[in-house]
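Enquirer: This one is query-v1.json, JSON, C-alpha atoms.
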```json
[["chain", "number", "residue", "atom", "x", "y", "z"],
["A", 1151, "MET", "CA", -12.05, 28.11, -13.69],
["A", 1152, "PRO", "CA", -12.31, 24.73, -15.42],
["A", 1153, "ARG", "CA", -10.03, 21.88, -14.40],
["A", 1154, "LYS", "CA", -6.88, 21.51, -16.48],
["A", 1155, "ARG", "CA", -6.41, 18.31, -18.44],
["A", 1156, "ASP", "CA", -3.41, 17.24, -16.30],
["A", 1157, "GLU", "CA", -5.29, 17.77, -13.00],
["A", 1158, "PRO", "CA", -6.74, 14.48, -11.72],
["A", 1159, "VAL", "CA", -9.08, 16.39, -9.40],
["A", 1160, "ARG", "CA", -9.81, 19.93, -8.37],
["A", 1161, "LEU", "CA", -11.14, 20.38, -4.87],
["A", 1162, "THR", "CA", -12.15, 23.85, -3.83],
["A", 1163, "LYS", "CA", -14.06, 22.76, -0.76],
["A", 1164, "ILE", "CA", -13.06, 19.75, 1.34],
["A", 1165, "TYR", "CA", -16.29, 19.11, 3.20],
["A", 1166, "THR", "CA", -19.50, 18.44, 1.26],
["A", 1167, "ARG", "CA", -21.90, 17.22, 3.98],
["A", 1168, "GLY", "CA", -22.82, 14.45, 1.53],
["A", 1169, "GLY", "CA", -21.62, 11.72, 3.88],
["A", 1170, "ASP", "CA", -23.16, 13.00, 7.08],
["A", 1171, "ALA", "CA", -25.95, 10.39, 6.98],
["A", 1172, "GLY", "CA", -23.55, 7.47, 6.55],
["A", 1173, "ALA", "CA", -23.41, 7.19, 2.75],
["A", 1174, "THR", "CA", -20.66, 8.17, 0.35],
["A", 1175, "SER", "CA", -20.09, 8.44, -3.39],
["A", 1176, "LEU", "CA", -18.08, 5.89, -5.29],
["A", 1177, "GLY", "CA", -15.76, 6.73, -8.16],
["A", 1178, "ASP", "CA", -18.52, 6.15, -10.70],
["A", 1179, "GLY", "CA", -20.86, 8.58, -8.92],
["A", 1180, "SER", "CA", -23.09, 5.92, -7.38],
["A", 1181, "ARG", "CA", -23.81, 6.08, -3.64],
["A", 1182, "THR", "CA", -23.20, 3.39, -1.04],
["A", 1183, "SER", "CA", -23.07, 2.95, 2.70],
["A", 1184, "LYS", "CA", -19.84, 3.87, 4.41],
["A", 1185, "LEU", "CA", -20.05, 0.36, 5.87],
["A", 1186, "ASP", "CA", -19.65, -1.16, 2.38],
["A", 1187, "PRO", "CA", -16.58, -3.46, 2.36],
["A", 1188, "ARG", "CA", -15.04, -1.56, -0.54],
["A", 1189, "ILE", "CA", -15.09, 1.67, 1.50],
["A", 1190, "ARG", "CA", -13.26, -0.14, 4.29],
["A", 1191, "ALA", "CA", -10.76, -1.54, 1.78],
["A", 1192, "TYR", "CA", -9.81, 1.77, 0.20],
["A", 1193, "GLY", "CA", -9.80, 3.44, 3.60],
["A", 1194, "ILE", "CA", -7.17, 0.97, 4.78],
["A", 1195, "VAL", "CA", -5.22, 1.53, 1.54],
["A", 1196, "ASP", "CA", -5.23, 5.23, 2.45],
["A", 1197, "GLU", "CA", -3.97, 4.35, 5.94],
["A", 1198, "LEU", "CA", -1.23, 2.20, 4.38],
["A", 1199, "ASN", "CA", -0.19, 5.06, 2.14],
["A", 1200, "SER", "CA", 0.04, 7.32, 5.20],
["A", 1201, "HIS", "CA", 2.29, 4.83, 6.99],
["A", 1202, "ILE", "CA", 4.58, 4.72, 3.97],
["A", 1203, "GLY", "CA", 4.62, 8.53, 4.08],
["A", 1204, "VAL", "CA", 5.73, 8.36, 7.71],
["A", 1205, "ALA", "CA", 8.50, 5.95, 6.73],
["A", 1206, "LEU", "CA", 9.59, 8.27, 3.92],
["A", 1207, "ALA", "CA", 9.60, 11.25, 6.30],
["A", 1208, "GLY", "CA", 12.11, 9.51, 8.55],
["A", 1209, "ASP", "CA", 15.69, 8.40, 8.21],
["A", 1210, "LEU", "CA", 15.36, 5.87, 5.42],
["A", 1211, "PRO", "CA", 18.19, 4.46, 3.29],
["A", 1212, "GLU", "CA", 18.22, 6.25, -0.06],
["A", 1213, "PRO", "CA", 17.93, 3.10, -2.22],
["A", 1214, "LEU", "CA", 14.51, 2.41, -0.68],
["A", 1215, "ARG", "CA", 13.06, 5.88, -1.21],
["A", 1216, "GLU", "CA", 12.45, 5.69, -4.96],
["A", 1217, "THR", "CA", 10.69, 2.36, -4.66],
["A", 1218, "LEU", "CA", 8.46, 3.58, -1.83],
["A", 1219, "ALA", "CA", 7.61, 6.83, -3.62],
["A", 1220, "ARG", "CA", 6.39, 4.85, -6.62],
["A", 1221, "VAL", "CA", 4.42, 2.50, -4.35],
["A", 1222, "GLN", "CA", 2.73, 5.53, -2.77],
["A", 1223, "ASN", "CA", 1.57, 6.76, -6.16],
["A", 1224, "GLN", "CA", 0.43, 3.29, -7.19],
["A", 1225, "LEU", "CA", -1.55, 2.96, -3.97],
["A", 1226, "PHE", "CA", -3.59, 5.97, -5.06],
["A", 1227, "ASP", "CA", -4.25, 4.09, -8.32],
["A", 1228, "VAL", "CA", -5.32, 1.02, -6.33],
["A", 1229, "GLY", "CA", -7.57, 3.19, -4.15],
["A", 1230, "ALA", "CA", -9.16, 4.63, -7.30],
["A", 1231, "ASP", "CA", -9.67, 1.07, -8.57],
["A", 1232, "LEU", "CA", -11.28, -0.03, -5.31],
["A", 1233, "SER", "CA", -13.59, 3.00, -5.32],
["A", 1234, "VAL", "CA", -15.26, 1.99, -8.57],
["A", 1235, "PRO", "CA", -17.46, -1.10, -8.97],
["A", 1236, "VAL", "CA", -15.82, -3.77, -11.11],
["A", 1237, "ASP", "CA", -18.63, -3.64, -13.65],
["A", 1238, "ALA", "CA", -18.70, 0.18, -13.92],
["A", 1239, "ALA", "CA", -19.05, 1.46, -17.45],
["A", 1240, "GLY", "CA", -16.31, 3.39, -19.18],
["A", 1241, "GLU", "CA", -12.55, 3.57, -18.97],
["A", 1242, "ARG", "CA", -11.36, 3.18, -15.38],
["A", 1243, "LEU", "CA", -8.01, 3.31, -13.61],
["A", 1244, "ARG", "CA", -7.33, -0.26, -12.50],
["A", 1245, "ALA", "CA", -4.52, -2.21, -10.86],
["A", 1246, "THR", "CA", -2.70, -4.08, -13.61],
["A", 1247, "GLN", "CA", -0.48, -7.09, -14.02],
["A", 1248, "GLU", "CA", 2.33, -4.70, -14.96],
["A", 1249, "MET", "CA", 2.05, -3.07, -11.52],
["A", 1250, "VAL", "CA", 2.24, -6.50, -9.86],
["A", 1251, "ASP", "CA", 5.20, -7.46, -12.06],
["A", 1252, "TRP", "CA", 7.02, -4.25, -11.09],
["A", 1253, "LEU", "CA", 6.50, -5.05, -7.38],
["A", 1254, "GLU", "CA", 7.83, -8.57, -7.87],
["A", 1255, "SER", "CA", 10.92, -7.26, -9.64],
["A", 1256, "ARG", "CA", 11.54, -4.80, -6.76],
["A", 1257, "CYS", "CA", 11.09, -7.67, -4.29],
["A", 1258, "ASP", "CA", 13.67, -9.74, -6.16],
["A", 1259, "GLU", "CA", 16.07, -6.80, -6.51],
["A", 1260, "HIS", "CA", 16.02, -5.79, -2.84],
["A", 1261, "ASN", "CA", 15.94, -9.36, -1.54],
["A", 1262, "ALA", "CA", 19.00, -10.43, -3.58],
["A", 1263, "ALA", "CA", 21.40, -8.62, -1.23],
["A", 1264, "LEU", "CA", 19.85, -10.01, 1.96],
["A", 1265, "PRO", "CA", 20.96, -13.13, 3.80],
["A", 1266, "ASP", "CA", 18.69, -16.16, 3.74],
["A", 1267, "LEU", "CA", 16.13, -16.23, 6.51],
["A", 1268, "ARG", "CA", 16.84, -18.77, 9.23],
["A", 1269, "SER", "CA", 14.06, -17.67, 11.58],
["A", 1270, "PHE", "CA", 11.05, -15.40, 11.57],
["A", 1271, "VAL", "CA", 11.90, -11.71, 11.79],
["A", 1272, "LEU", "CA", 10.53, -9.72, 14.70],
["A", 1273, "PRO", "CA", 9.32, -6.25, 13.70],
["A", 1274, "GLY", "CA", 12.01, -3.77, 14.68],
["A", 1275, "GLY", "CA", 15.69, -3.07, 14.46],
["A", 1276, "THR", "CA", 16.07, 0.45, 13.13],
["A", 1277, "GLU", "CA", 13.26, 2.97, 13.34],
["A", 1278, "ALA", "CA", 12.95, 2.84, 9.54],
["A", 1279, "ALA", "CA", 12.57, -0.94, 9.60],
["A", 1280, "ALA", "CA", 10.00, -0.76, 12.40],
["A", 1281, "ARG", "CA", 7.95, 1.79, 10.43],
["A", 1282, "LEU", "CA", 8.07, -0.42, 7.34],
["A", 1283, "HIS", "CA", 6.92, -3.40, 9.40],
["A", 1284, "VAL", "CA", 3.93, -1.37, 10.62],
["A", 1285, "ALA", "CA", 3.13, -0.48, 7.00],
["A", 1286, "ARG", "CA", 3.45, -4.17, 6.09],
["A", 1287, "THR", "CA", 0.83, -5.17, 8.65],
["A", 1288, "VAL", "CA", -1.53, -2.49, 7.37],
["A", 1289, "ALA", "CA", -1.01, -3.81, 3.83],
["A", 1290, "ARG", "CA", -2.09, -7.26, 5.03],
["A", 1291, "ARG", "CA", -5.20, -5.74, 6.60],
["A", 1292, "ALA", "CA", -5.96, -3.86, 3.34],
["A", 1293, "GLU", "CA", -5.65, -7.11, 1.41],
["A", 1294, "LEU", "CA", -8.06, -8.87, 3.79],
["A", 1295, "ALA", "CA", -10.55, -6.00, 3.48],
["A", 1296, "ALA", "CA", -10.31, -6.19, -0.32],
["A", 1297, "LEU", "CA", -11.06, -9.93, -0.13],
["A", 1298, "GLU", "CA", -14.40, -9.07, 1.51],
["A", 1299, "ALA", "CA", -15.35, -6.68, -1.31],
["A", 1300, "ASP", "CA", -16.35, -7.25, -4.92],
["A", 1301, "VAL", "CA", -13.26, -5.64, -6.45],
["A", 1302, "ASN", "CA", -10.72, -6.14, -9.22],
["A", 1303, "PRO", "CA", -8.76, -9.31, -8.30],
["A", 1304, "LEU", "CA", -5.49, -7.65, -9.37],
["A", 1305, "ALA", "CA", -5.99, -4.98, -6.69],
["A", 1306, "ARG", "CA", -5.94, -7.80, -4.13],
["A", 1307, "VAL", "CA", -2.82, -9.33, -5.68],
["A", 1308, "TYR", "CA", -1.15, -5.92, -5.69],
["A", 1309, "LEU", "CA", -1.81, -5.48, -1.97],
["A", 1310, "ASN", "CA", -0.42, -8.94, -1.25],
["A", 1311, "ARG", "CA", 2.79, -8.10, -3.12],
["A", 1312, "VAL", "CA", 3.07, -4.70, -1.41],
["A", 1313, "SER", "CA", 3.14, -6.44, 1.96],
["A", 1314, "ASP", "CA", 5.87, -8.78, 0.67],
["A", 1315, "LEU", "CA", 7.88, -5.81, -0.59],
["A", 1316, "LEU", "CA", 7.51, -3.93, 2.69],
["A", 1317, "PHE", "CA", 8.81, -6.97, 4.59],
["A", 1318, "ILE", "CA", 11.85, -7.11, 2.31],
["A", 1319, "LEU", "CA", 12.43, -3.35, 2.55],
["A", 1320, "ALA", "CA", 12.26, -3.53, 6.35],
["A", 1321, "ARG", "CA", 14.98, -6.18, 6.27],
["A", 1322, "ALA", "CA", 16.96, -4.05, 3.81],
["A", 1323, "ALA", "CA", 16.65, -0.99, 6.06],
["A", 1324, "ASN", "CA", 18.24, -2.94, 8.90],
["A", 1325, "ALA", "CA", 20.93, -4.39, 6.65],
["A", 1326, "GLN", "CA", 21.85, -1.05, 5.09],
["A", 1327, "ALA", "CA", 22.15, 0.48, 8.56],
["A", 1328, "GLY", "CA", 24.48, -2.36, 9.59],
["A", 1329, "ARG", "CA", 21.96, -3.49, 12.19],
["A", 1330, "ASP", "CA", 21.21, -7.11, 12.94],
["A", 1331, "GLU", "CA", 17.54, -7.80, 12.50],
["A", 1332, "PRO", "CA", 15.72, -9.11, 15.54],
["A", 1333, "LEU", "CA", 14.90, -12.80, 15.05],
["A", 1334, "TRP", "CA", 12.34, -14.95, 16.77],
["A", 1335, "ARG", "CA", 13.91, -17.41, 19.19],
["A", 1336, "PRO", "CA", 11.16, -19.87, 20.10],
["A", 1337, "GLY", "CA", 10.80, -20.24, 23.85],
["A", 1338, "ALA", "CA", 13.82, -18.08, 24.61],
["A", 1339, "TYR", "CA", 12.06, -15.81, 27.12]]
```
Represent the supplied structure as structure tokens.

Expert:
Amino acid sequence: MPRKRDEPVRLTKIYTRGGDAGATSLGDGSRTSKLDPRIRAYGIVDELNSHIGVALAGDLPEPLRETLARVQNQLFDVGADLSVPVDAAGERLRATQEMVDWLESRCDEHNAALPDLRSFVLPGGTEAAARLHVARTVARRAELAALEADVNPLARVYLNRVSDLLFILARAANAQAGRDEPLWRPGAY
């Protein structure tokens, strides 16, 4: 049965054996080593998306859920962008300035209700905040991996902003739970 127009993919078989020798297909159909920096970058984006899924599966304040659900979908768009060479022919799904602008507006919106920072925040507090901090660190790693690859510069910017947003949402998760966030106290221990 042919794929429907509104189906981004149709997978009837998950394994293909095509990557058993250490190569994989990119989004444009070309083949590359699984050691290619772009493969590492979109693999870490996939890991990041999974960590956000774990955060969403837990006890998370409702105002954060909608934002994170949209980020999850956009991360698939970023992964699709990273999987295709920048100079690939044809119309391609790419990270856009509009996506970055949306992240920045969510950062501003969620940060507005938070107190000013007077120290560095230690990852933790509520379980939801701790999960978001883990996702934040994976976002930083994804950004660094993207810097090593020849990819759309806006995909890198997007990943940088996602890590900023996850930091803010971790703080918001603690605040909305009425929990003080753990702060760094230099030399206190």

Enquirer: Could you tell me how far atom CA of A:Pro1332 lies from atom CA of A:Leu1282, in Å and to one decimal?

Expert: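 Straight-line distance from atom CA of A:Pro1332 to atom CA of A:Leu1282 works out to 14.2 Å.
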
Enquirer: How many Å lie between atom CA of A:Arg1306 and atom CA of A:Arg1286, rounded to one decimal?

Expert: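 That distance, rounded to one decimal, is 14.3 Å.
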
Enquirer: Check the smallest atom-to-atom distance from each of A:Asp1231, A:Trp1334, A:Ser1269, A:Ala1285 to A:Ser1200 using all atoms listed in the file, then report the winner.

Expert: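 Selected residue with least distance to A:Ser1200: A:Ala1285.
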
Enquirer: Which one of A:Pro1213, A:Pro1235, A:Gly1208, A:Gly1229 sits closest to A:Thr1182 if you count only C-alpha atoms?

Expert: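 Of A:Pro1213, A:Pro1235, A:Gly1208, A:Gly1229, the one nearest A:Thr1182 is A:Pro1235, counting only C-alpha atoms.
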
Enquirer: Report the distance between atom CA of A:Ala1322 and atom CA of A:Thr1246 in Å, rounded to one decimal place.

Expert: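 Spanning atom CA of A:Ala1322 to atom CA of A:Thr1246 is a straight-line distance of 26.3 Å.
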
Enquirer: Can you tell me, as a list in words, what residues are no more than 10 Å from A:Leu1214 when counting all atoms listed in the file, ignoring any on the same chain fewer than 6 positions away?

Expert: Leu1206, Arg1256, His1260, Leu1319, Ala1320, Ala1322, Ala1323 and Gln1326 of chain A

Enquirer: Just C-alpha atoms for this one: save the residues we selected as a PDB file, in the coordinates of the input.

Expert:
```pdb
ATOM      1  CA  LEU A1206       9.590   8.270   3.920  1.00  0.00           C
ATOM      2  CA  ARG A1256      11.540  -4.800  -6.760  1.00  0.00           C
ATOM      3  CA  HIS A1260      16.020  -5.790  -2.840  1.00  0.00           C
ATOM      4  CA  LEU A1319      12.430  -3.350   2.550  1.00  0.00           C
ATOM      5  CA  ALA A1320      12.260  -3.530   6.350  1.00  0.00           C
ATOM      6  CA  ALA A1322      16.960  -4.050   3.810  1.00  0.00           C
ATOM      7  CA  ALA A1323      16.650  -0.990   6.060  1.00  0.00           C
ATOM      8  CA  GLN A1326      21.850  -1.050   5.090  1.00  0.00           C
TER       9      GLN A1326
END
```

Enquirer: Nearest residue to A:Arg1181 out of A:Ala1219, A:Ala1205, A:Val1234, A:Val1312, using all atoms listed in the file?

Expert: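 Among the listed residues, the smallest separation from A:Arg1181 belongs to A:Val1234.
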
Enquirer: Quick test: take stretch 1212-1334 of chain A, keep C-alpha atoms, and write it as a tab-separated table (two decimals), in the first residue's frame.

Expert:
```
chain	number	residue	atom	x	y	z
A	1212	GLU	CA	1.18	21.50	33.41
A	1213	PRO	CA	2.36	24.90	32.10
A	1214	LEU	CA	5.64	23.29	31.00
A	1215	ARG	CA	4.10	20.35	29.14
A	1216	GLU	CA	2.88	22.19	26.04
A	1217	THR	CA	6.24	23.88	25.55
A	1218	LEU	CA	8.15	20.61	25.92
A	1219	ALA	CA	5.80	18.73	23.58
A	1220	ARG	CA	6.45	21.31	20.87
A	1221	VAL	CA	10.20	21.15	21.52
A	1222	GLN	CA	10.07	17.36	21.09
A	1223	ASN	CA	8.45	17.72	17.68
A	1224	GLN	CA	10.89	20.45	16.66
A	1225	LEU	CA	13.81	18.26	17.70
A	1226	PHE	CA	12.68	15.73	15.10
A	1227	ASP	CA	12.78	18.58	12.57
A	1228	VAL	CA	16.31	19.47	13.73
A	1229	GLY	CA	17.34	15.81	13.47
A	1230	ALA	CA	15.98	15.71	9.91
A	1231	ASP	CA	17.97	18.88	9.15
A	1232	LEU	CA	21.17	17.40	10.59
A	1233	SER	CA	20.69	14.19	8.59
A	1234	VAL	CA	20.88	15.98	5.25
A	1235	PRO	CA	24.02	17.68	3.91
A	1236	VAL	CA	23.71	21.45	3.86
A	1237	ASP	CA	24.22	21.56	0.10
A	1238	ALA	CA	21.72	18.77	-0.69
A	1239	ALA	CA	19.51	19.48	-3.66
A	1240	GLY	CA	15.79	19.98	-3.34
A	1241	GLU	CA	13.43	21.21	-0.68
A	1242	ARG	CA	14.58	20.12	2.79
A	1243	LEU	CA	13.21	20.42	6.31
A	1244	ARG	CA	15.55	22.84	8.08
A	1245	ALA	CA	15.78	24.58	11.44
A	1246	THR	CA	14.57	28.14	10.94
A	1247	GLN	CA	14.91	31.52	12.57
A	1248	GLU	CA	11.20	31.28	13.45
A	1249	MET	CA	11.93	28.16	15.52
A	1250	VAL	CA	14.73	29.98	17.34
A	1251	ASP	CA	12.48	33.02	17.88
A	1252	TRP	CA	9.77	30.79	19.36
A	1253	LEU	CA	12.29	29.28	21.80
A	1254	GLU	CA	13.47	32.73	22.85
A	1255	SER	CA	9.89	33.86	23.46
A	1256	ARG	CA	9.27	30.75	25.62
A	1257	CYS	CA	12.50	31.48	27.51
A	1258	ASP	CA	11.34	35.04	28.19
A	1259	GLU	CA	7.83	33.92	29.14
A	1260	HIS	CA	8.89	31.24	31.62
A	1261	ASN	CA	11.80	33.26	33.02
A	1262	ALA	CA	9.64	36.32	33.76
A	1263	ALA	CA	8.06	34.67	36.82
A	1264	LEU	CA	11.37	33.47	38.28
A	1265	PRO	CA	13.50	35.34	40.81
A	1266	ASP	CA	16.80	36.78	39.67
A	1267	LEU	CA	19.72	34.40	39.96
A	1268	ARG	CA	22.12	35.21	42.76
A	1269	SER	CA	24.24	32.07	42.44
A	1270	PHE	CA	24.68	29.16	40.07
A	1271	VAL	CA	21.92	26.57	40.28
A	1272	LEU	CA	22.84	23.02	41.17
A	1273	PRO	CA	20.94	20.42	39.14
A	1274	GLY	CA	18.15	19.08	41.31
A	1275	GLY	CA	15.30	20.11	43.53
A	1276	THR	CA	12.23	18.27	42.33
A	1277	GLU	CA	12.48	15.14	40.22
A	1278	ALA	CA	11.02	17.07	37.28
A	1279	ALA	CA	13.67	19.77	37.61
A	1280	ALA	CA	16.45	17.18	37.88
A	1281	ARG	CA	15.21	15.45	34.70
A	1282	LEU	CA	15.12	18.77	32.87
A	1283	HIS	CA	18.67	19.52	34.00
A	1284	VAL	CA	19.81	16.17	32.58
A	1285	ALA	CA	18.09	17.05	29.29
A	1286	ARG	CA	19.81	20.46	29.37
A	1287	THR	CA	23.26	18.87	29.60
A	1288	VAL	CA	22.44	16.56	26.70
A	1289	ALA	CA	21.33	19.60	24.68
A	1290	ARG	CA	24.74	21.18	25.31
A	1291	ARG	CA	26.43	17.99	24.12
A	1292	ALA	CA	24.23	17.94	20.98
A	1293	GLU	CA	25.21	21.53	20.26
A	1294	LEU	CA	28.92	20.70	20.60
A	1295	ALA	CA	28.51	17.69	18.29
A	1296	ALA	CA	26.75	19.90	15.73
A	1297	LEU	CA	29.66	22.35	15.89
A	1298	GLU	CA	31.95	19.54	14.70
A	1299	ALA	CA	29.75	18.80	11.68
A	1300	ASP	CA	29.08	20.71	8.47
A	1301	VAL	CA	25.43	21.48	9.22
A	1302	ASN	CA	22.89	24.29	9.00
A	1303	PRO	CA	24.09	26.99	11.44
A	1304	LEU	CA	20.51	27.57	12.64
A	1305	ALA	CA	20.37	23.96	13.87
A	1306	ARG	CA	23.29	24.80	16.15
A	1307	VAL	CA	21.60	28.00	17.35
A	1308	TYR	CA	18.39	26.06	17.99
A	1309	LEU	CA	20.23	23.54	20.17
A	1310	ASN	CA	21.88	26.35	22.13
A	1311	ARG	CA	18.49	27.94	22.82
A	1312	VAL	CA	16.95	24.59	23.76
A	1313	SER	CA	19.55	24.20	26.49
A	1314	ASP	CA	18.73	27.72	27.74
A	1315	LEU	CA	15.02	26.90	27.76
A	1316	LEU	CA	15.57	23.62	29.62
A	1317	PHE	CA	17.55	25.47	32.30
A	1318	ILE	CA	14.69	27.95	32.72
A	1319	LEU	CA	12.07	25.19	32.75
A	1320	ALA	CA	14.03	23.30	35.42
A	1321	ARG	CA	13.97	26.42	37.57
A	1322	ALA	CA	10.25	26.86	36.82
A	1323	ALA	CA	9.54	23.24	37.80
A	1324	ASN	CA	11.08	23.88	41.22
A	1325	ALA	CA	9.29	27.21	41.61
A	1326	GLN	CA	5.89	25.83	40.62
A	1327	ALA	CA	6.32	22.99	43.12
A	1328	GLY	CA	7.13	25.53	45.85
A	1329	ARG	CA	10.61	24.07	46.18
A	1330	ASP	CA	13.72	26.14	46.74
A	1331	GLU	CA	16.24	25.44	44.04
A	1332	PRO	CA	19.60	24.17	45.20
A	1333	LEU	CA	22.22	26.90	44.81
A	1334	TRP	CA	25.97	26.65	44.63
```
